[in-house]
Amino acid sequence: MRTKTTLSRALLLALSLVVVVHAIGSPIWFAGPLILLALLGIQIKSAKSAETAYASLAIGESLVIIVGLSSMVLALPAQIIVLLLAGEQFPLNTRERMTSDALVSIIIGITAGIVVLVLDDVYLILFVILCAILSILVFVLFNEKHLKRISERTNA
Amino acid sequence: MKLERTGSGIAVLVMAIVVLGLVFSEQAFLFAAFSLILFLSYRYLVFISEVRTIIPSVRVERKIPHGIFRQGSDIHLENEIHFINNPAMHLAFDDILPEGAQIVRGSTGECASAQNPGVCTLHYAFRSMHTGEILFGGLNVTLKDPLFAETLTLTDAQYRHPEILVYPVQLFDSKSEKRYSVYSITSIPMADPFEVQYFREYQVGDAPKSIDWKLSAKYGKIFIREYSYYRTTGQLFIIDLPDRGMQETSATFRKLKEALICSINAETKENIDLFLVAISGGNLISAAPMPHNFNSIIFDLNRLKPEYRRFHLYRTLDSGHHTKKTRYLDSYLEETPFLYAVNRIREVFSETRRFTPFEQEMGRIFHSVNQSEVNLFTTFQGDDSHVRIIMRQAANTGKHVHLFIPKEAYSAQNESKIEKLPFNSVTMV
């Protein structure tokens, strides 16, 4: 993990958030950016193992929930930051795909935020979540069959 | 697909957050859970696309030393696996051994290392307990990333090659009929147990009952008793299998096998015992009585295929004939003392040389067959020393050799070779 660059990026984001919140002029919302900074402090540490990365992701999500309890709008960038860091802590792609990963993390955060804000109902959101889980399971099963066919293909 | 520890951890986290969201009826919980679900889905898509890229690129190259493999003998193998390297993906390979095979050295599993990207080599030795043509079961590939893991078994034909032919450890053991799928030899009397042909050192796969304990105790090494062959009254067929290292004889060999099947068909109608000897040049591959059922014979003959020739018997001299080079020398012998000396050395070497194992084996087989007719099916591929050895041993035991040769193999060069050998009849097939 490139700690220095990630740290500077994350700090920049957090500070921008503080500035934005301050500009809005609601002193209560200062709690959110402060928690965000704490979250960055935890997540920015280089994960020595996948378990450590997972633990920091769990803490990050907890903090996102705390921020979300005060303001959903503020929880959205917090979630994006958590996902960006998760992408780096669970490295899968090569360096060339890091940018696309970051982009996807932003899109995921925004999509989730829009869905939650638009639906604005716990049970409706829950229904969407269940639909998403089911569609993923169907997709996984379909892929399993496809992979099995690939592995057992015959050379005619 | 399996979730890795962190993957399953995230799934549990999602469930916990969803439950908390329901309990507290707060959107913030569901927002976090939904984001994580989308994150997992995205990572699964990336993982599966990487798997689809890597799997078709896996190429297996199993290297097995040339030779004749017998039941129970160690087969050393080097399996080189090539694949598209992805530094973020952890790959592990596991070779699936043929049915009935046991690993004796090394390991069939290996993880791809960063030092050698794109290549993984497995070194191991196994022992086949089954006889006949054996194929590998395939290759297990395990792909892992921090969140997901997938294990696939590649069973395509390209992952199961090469085919290995394993011969029975003892061809003439009537008790081993069921164990080793050897032909029934109930009609052939057992050899006199006191007629020991020779002793040799123990090799892996030898039957423990053949060990001569007295001799072994005396010399501190395990010695095996080799008995003389069982005597049969049947017709003798010899098929000379082509060299597997030379690829151009498939059509000729097919014709040769068809001719052999036709000849055997004619003999089976008379209900007499048949004895088949398979050789490949100067290498004895197998010698066994044939079953009485013609369908079983066809099945066995169809399994015959070209063999690697471990021994090549160049310039085996015949008492009546000399090689081309020697004839060239003969005309100058009287004039050139040097050539005379060379020729004399060759003659002395020829007189004092020991019999090759092939000569000994053929001699024993000819002695064991009472019938005076021997049918030899050959393509005269390469050096013809083994044919001359067969002719010499046949002459020593008073046998008549009938040659069967495919038309395609009957070249001018082979014609001159055949003319020099005392065949009783030559049939082109």
# chains A, B, ... in the order shown; residues from 1 in each chain; ligands from 1
>>> interface_residues(of="chain B", to="chain A", cutoff="6 Å", atoms="only C-alpha atoms", output="ChimeraX atom specification")
/B:6,27-29,35,88,146,154-156
>>> residues_around(residues="segment 101-105 of chain B", least_positions_apart="3", cutoff="6 Å", atoms="only C-alpha atoms", output="number ranges by chain")
B: 98, 124-129
>>> atom_distance(atom1="atom CA of Pro162 of chain B", atom2="atom CA of His82 of chain B")
16.4 Å
>>> atom_distance(atom1="atom CA of Glu373 of chain B", atom2="atom CA of Ile297 of chain B")
19.9 Å
